[in-house]
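> Here it is, the structure in full.
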Amino acid sequence: MADIDSRVATELRGLLAGQRPLLRMALLAALAAAGLFILQSWWLAGLFSDALRAWQAGEPLQPRPIAGILLGLALCLLLRPLLQYLREICSDRASQRARAGLRGRVLDSLAQLGPSRRRLGADGQLASRALEQVDALDGYLARYQVQTRLVLMVPLMLLVATAWHSWLAAALLLLTAPLVPLFMVLLGRAAATASQRQLNTLGRMSGRFLDLLRGLPTLRHLQALELAEQAVDGAAEEYRQRTMQVLRMAFLSTAVLEFFAALAIALVAVYLGLGLLGLLPWARGEIPVPYQGALFILLLAPEFYAPLRQLGNDYHARAEAQGAMKELLPLLQCEVWHHTGSRPLLLEGAPALELQQVSAAGGQGRLRLAPLDLNLAPGQRVLIQGPSGSGKSTLLELLLGFVPYQGSLKVNGRELAELERSAWQARVGYLAQQPQLLAASVADNLRLAVPGATDRQLWGVLGEVGLAPLLRRLPLGLETPLGERGLGLSGGQQSRLALARLLLRDTPLWLLDEPLAHLDPDTAEQIGVLIDRLSQGRTLLLVSHERTGLDWLTQVLEVARPVEAAA
Amino acid sequence: MKRVRLRELTCSRPGAWALAGLLGTLTVLSVTGLLAASGWFITAAALAGLVSGAAGYGFDVFRPAAIIRFFAITRTAGRYAERLASHNAVLGLLRDLRVGLFSHIARLPMDPRRWRSAQLLQRLVVDIDLLDQFPLRILLPWLWASLLLVGVLVMLGLLDTLLLLAGIPLLAAWLLPWFGYRRGSRLAESMVMAEQQHREYLLDSLRLLNDLLIWQRWEQRRLALEQGSARCLDLQWQQRRLSSVLALAQQWLLGLGILLLLMLGMALAEQQQLELAWLLASLLAVFGLAETLLPLAGSAVALGMSRAARDRINTTLEATEQPKPVPAEQPGAPWYLQLQGVSARRPGALNGPQQISFEMRGGDVVWIAGASGSGKSTLLDMLATELPLGQGSCLLNGRPLRKWDLRRVLGYLPQQVDLFDLSLAANLRLGNPQASDAQLWQVLEDVALADWARERGLDTPLGEQGSAVSGGQARRIALARLLLAERPILLLDEPFAGLDATTREQVMQALLRRQRDGLLIIASHQPVSAPDLQVVRVGR
C-alpha cells in the first residue's frame, strides 16, 4: 500500500518536474502580484494619511505627491490583474503539456502491451483511463502545486510587511499561523478519504444504473419497473447523502479558517483603533502605530488568509490526482517486453516453422505455455487443441512477437526473436475469436488493413468468401454501412468479411484463434470448408477446442495445461 | 418528466433556495461590512485622537468594536449555513431529476440502435451533475453580487451624488460576464462533440489494437488520436481563456472604479464635503464588491456547460417515442394463433425470415428450426411485437396480434437475456415479487438448476450482467424467471443452450407441464422433441 502511494507520488513529481519552467513562471507571477498588492496597500495608506494630515491642519492637499501616488496605484491596478492572467496561462499550459505527454505514454504502453493489455482491464476501462483519469490530474498540475508554495510565501511576505510597522499586529496574525499547517494536514487526510468514499458511492450508483438501463427491455417485459425505480431512488439517495457528508466536512473546515480570518481582522482593527485613540490599557495616551501604518496593516490582513482558503478549495484536486494516478500506475509502470530483433525478413512463400522446447512464462514463476515442440513444413496446416488455460492463445500471441518466449523458435531457420517485429508481422495474418469490425462501410472495413486496395481487389476477395452476391444485390454495394460491431451481418457473414480482409493482405502464414467458436454448427461447417479452401498453400496454425467443420485438418497438436511449477 | 429548464430548477425547493439566498446575502454584506466598518473605525479613531490630543475619551469605541465583531461572526456562520442550505437543496434536486429521468426512460420506448445504455448512463450521472452549476455558480452569485452592487451604489449616492460616477465602471464590471455567455455556450457544445468523437475513435482503436499493430497501421492511428486529443485540449484552453479574459477586464474596470472613487473622493474631502472615514469605508466596500464580482467571470463557461447538459437531457427526453396506446382487451383461452405468409426484418439487417405460415392452438408446441442467421430470432421478436410485421398476417384468437393487450399474457425469452447485479432469489422474483421460496425451488428444479443452486443458496449474487454464472446458466435463470411470471404464451429463443440431451428432455417436460393449454414456441438449432410437435423451418 505504502509502496503504491510512494510510486504515485514519484509519478506525480515526475509530471511536475517536466513542466518546471512554466510552473516557476506561474509562481513568480503570483509572487509579483502579491508584491504589487503590498505596494498598492502602502500607497493607499499613504494617500489617506496625507489627506488626514492636510484635513486636520486645514491645508489643501499637495497636488504633486498625490498625483504620484495615484499614478502608482493605477499601475498596480493595471499590472496585478495582468500578472494573475499570466499565472493562469502558464499553469494551464503546463497542465496541458503534462497531460498530452502522459496520454501519449498511455497510448504507447497500450501499443507495447498489445494483446497482454487484457490483464489490465477491458477496453472501456482502458479508454476511460486514457481520457478521464488523465484529465483528472488537471487541478493538481495547474493549481495545487503552485498554491502549496504560495500558501507559505505570501503570508510570510505580508507578515514581514506587517511586523515592520507593528510587532503586536504581526504577532496577532502569527498566533493563528501555526493552525495553518495543522489544518492543511487535517484537511488533506479528511478530504482524501472522504472523496475516495464518495467516488466509490458514485461508482456503485453508476453500476446500479447501468445494470438497470441495460436490462430495461426485460424489466418492462416482466412489469417490474417499480422495483427498478425503487432501486434507482435508493442509489440516488445514497449518493446524495454521501456527497452531503463530504461537503459538510469541507464546509466546516473552510468555516474554521474563515473564522480565524475574520477574527484576526476584527482584533487587528480594534487594536489599531484603540491605539490611535490612545486608549490601550497598557499604553494610555500613546499611539503605538500611526495612522498610515495602521491602515496599511488593515488592508493587508484579509489577504493573509486568502492563499490558505484557496488551497483548502484546491485540496480535493490533490486527492483526485492521487486517485487517478493510482488507476494509471499499472499502465505506466507495467513491465513491457520489447521485441528486440532487428533483422529484416524476406519471405517468398509459406514459411517453415521449427519450435523446440518453446515456453512462455506468466507472472509469479508460473508458465503460461508449457514447453512445446512443433515442426511445420512450408504450407503445412495444423489444428491446435487443448483444455482452456493450456496456453493455446498464448502460443499464437508468441508467434506474433507480442510475448517473450524461452526455447528456440525458427522461421525458415532464423530465430524469431532476432527478426524485426514489424517486418515479421507484415507477413502474418491473424484472426481473433470475434471478427473485429467497425461501424463503417464494408469497403472501409477492408481498407483498414490495406489502405491502397482497389475496388476490383475488394470485389475479388469478397467473391472468394462468398459475400459478393449478397453485396451486389444491395443498393450501396461496397459502401453498405455496418452497425456497431458488425450489426446487420449475421455471425457467419462477419466471419466471411474477416476472412476477406485476411485474403486481401495475402500473407503466407495464418494464425487463427477459435474462428468458429461463436457460430452454430451448420455455419461453422460452412466457414470451416471456406477456411480449408482459402488457406491452401499457406502455413496455418488454427486454435479450436471443437472439431466441427475442421475435419480437413489432419495434423493435430495437443497442448497440455502447464504443470504448476515453482520458479 | 417535463423538459428541463434551467430557470425552473429552483422551483422544486423554493424554501431552501430562499434561505440559501438570504444567508448568502447576509454573508456578502458581512464580508463587505467588516472591511468597511474597520476602515471607518480606524480613520475616525485617528481623527478623534488627533483632535483631542492623544486621548480620545469622548469617542464611543464600544459600538464600532461590537459592530466589527458582529460582522466577523455573521460572515463565518453565514457562509457555512448558506453552503449547507444551497448544497442540500441542489443535491435533493439532482436526486429528483435522476429518478424522474430514469422513470421517463424506463416507461417510454426508445430506439435501441440510437440510444445505447452507456449514453443514457452519461445523462443520468454526469449530465445531471452538471446542472448544479446553474443555481450554485450562476444564479446565487449573481443575486448576491447584484444586491451588493446596489448596496454600494446607494452608499456612494448617499455620501455624494458625484461619487456615483465611480459606480459606472462597477456597473460595467457587473454586466461584463453576460457578454461571454454566447461564446461559452458554443464552446461547451463543441467540447462535448469533440470529446465524444475522440472517445469513440479511441474505443474503436483499442478494439482493433492487435490488428492495427499487425497491419502496421497503429502509428497512423496514433497520430489521429493525438490530433483528436489536441483538439479537445484546445477547446478547453479556449474555455479557460474566455474566463481569464473576462476576469482581467472585470478587474481593470474595478480598478478604474477605485481610481475614480479616490480622485473624486479626495477632491470632495479637500472641500470638506466628505469625511475621510466614509471615503475609506466606501473604498473598502468596493474591494468587498470585487471579491463577489470576480467569481462571475467563470460563470460564462459554467452556464455553457449547464446549458449543454440541459440540451442533452432534453434531447433524450424527446427521443422517447409516444407510448403506443395499449389495446384495451386482454385475450384469454382458448388460444389460437395463425401466421399467414409472414416476413419481418430487423432495422439495418440485410435479410430476415420470409413467407412463414403456421397455425397452433392451446396446448400445441411449435419448434422453429434453422441455422443461425436464418431469422429465427427475428421471427420471435416479431411475435413478441418488438418488431413490426413486414408482410402477411398474424392473428391471435382471430384478431391481429397487435390489437390485444399482451402485457400479462406473453412471455418472451429473447436471444440476449439480462440478469441483474442482485441475488439469485431477487433476480427470480422480478418475474413474480410474491413468489415463495418453495416456488423458487420448484422452478429451479424445472430448469435443471436446483442442484447448482443448492450448492450456493438462493442468496448467491449473480454479478454484473450475470457475470458470476455461465452463459447457459444465465439463460436458464432467465427462463425460470419467465416461468414464475406464468404467461400463457411463451416464446423461447434457444432455451436449451449448453444442455445435454437428458437434461434437455427434463426441461422440455417441465415446460410442457407448465404450459398445459397455453402456446409454446421454441426456436432452437438443437432438436426438440414433444408429442405432436410442429416444425417450422426458417431460411433456405
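Identifiers for the C-alpha cells are assigned positionally: chains receive A, B, ... in sequence, residues are indexed from 1 per chain, and ligands are indexed from 1 in the order shown.
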Which residues come within 10 Å of B:Gln330, counting only C-alpha atoms, excluding same-chain residues fewer than 5 positions away, as a VMD selection string?

chain B and resid 403 to 409

> For C-alpha atoms, I'd like the residues from the last selection saved as a tab-separated table (two decimals), in the first residue's frame.


```
chain	number	residue	atom	x	y	z
B	403	LYS	CA	-54.82	-5.37	-31.25
B	404	TRP	CA	-54.61	-7.26	-27.94
B	405	ASP	CA	-53.21	-6.16	-24.60
B	406	LEU	CA	-50.47	-8.78	-24.34
B	407	ARG	CA	-48.57	-7.36	-21.36
B	408	ARG	CA	-49.62	-10.05	-18.90
B	409	VAL	CA	-50.18	-12.77	-21.48
```

> Residues within 9 Å of B:Arg475, please, as a PyMOL selection string. Count only C-alpha atoms; anything in the same chain fewer than 3 positions from it doesn't count.

chain B and resi 413+415-419+470-472+478-480+494-497

> Give me, please, the distance in Å between atom CA of B:Ala435 and atom CA of B:Leu491, quoted to one decimal.

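About the pair atom CA of B:Ala435 and atom CA of B:Leu491: they are 21.9 Å apart.
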
> A:Met25, A:Ala283, A:Val232, A:Val442: which is nearest A:Arg204, counting only C-alpha atoms?

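Closest residue, counting only C-alpha atoms: A:Val232.
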
> Choose the residue, out of A:Leu126, A:Leu329, A:Leu77, A:Val246, that has the smallest atom-to-atom separation from chain B; count only C-alpha atoms.

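When distances to chain B are compared using only C-alpha atoms, the smallest one comes from A:Leu77.
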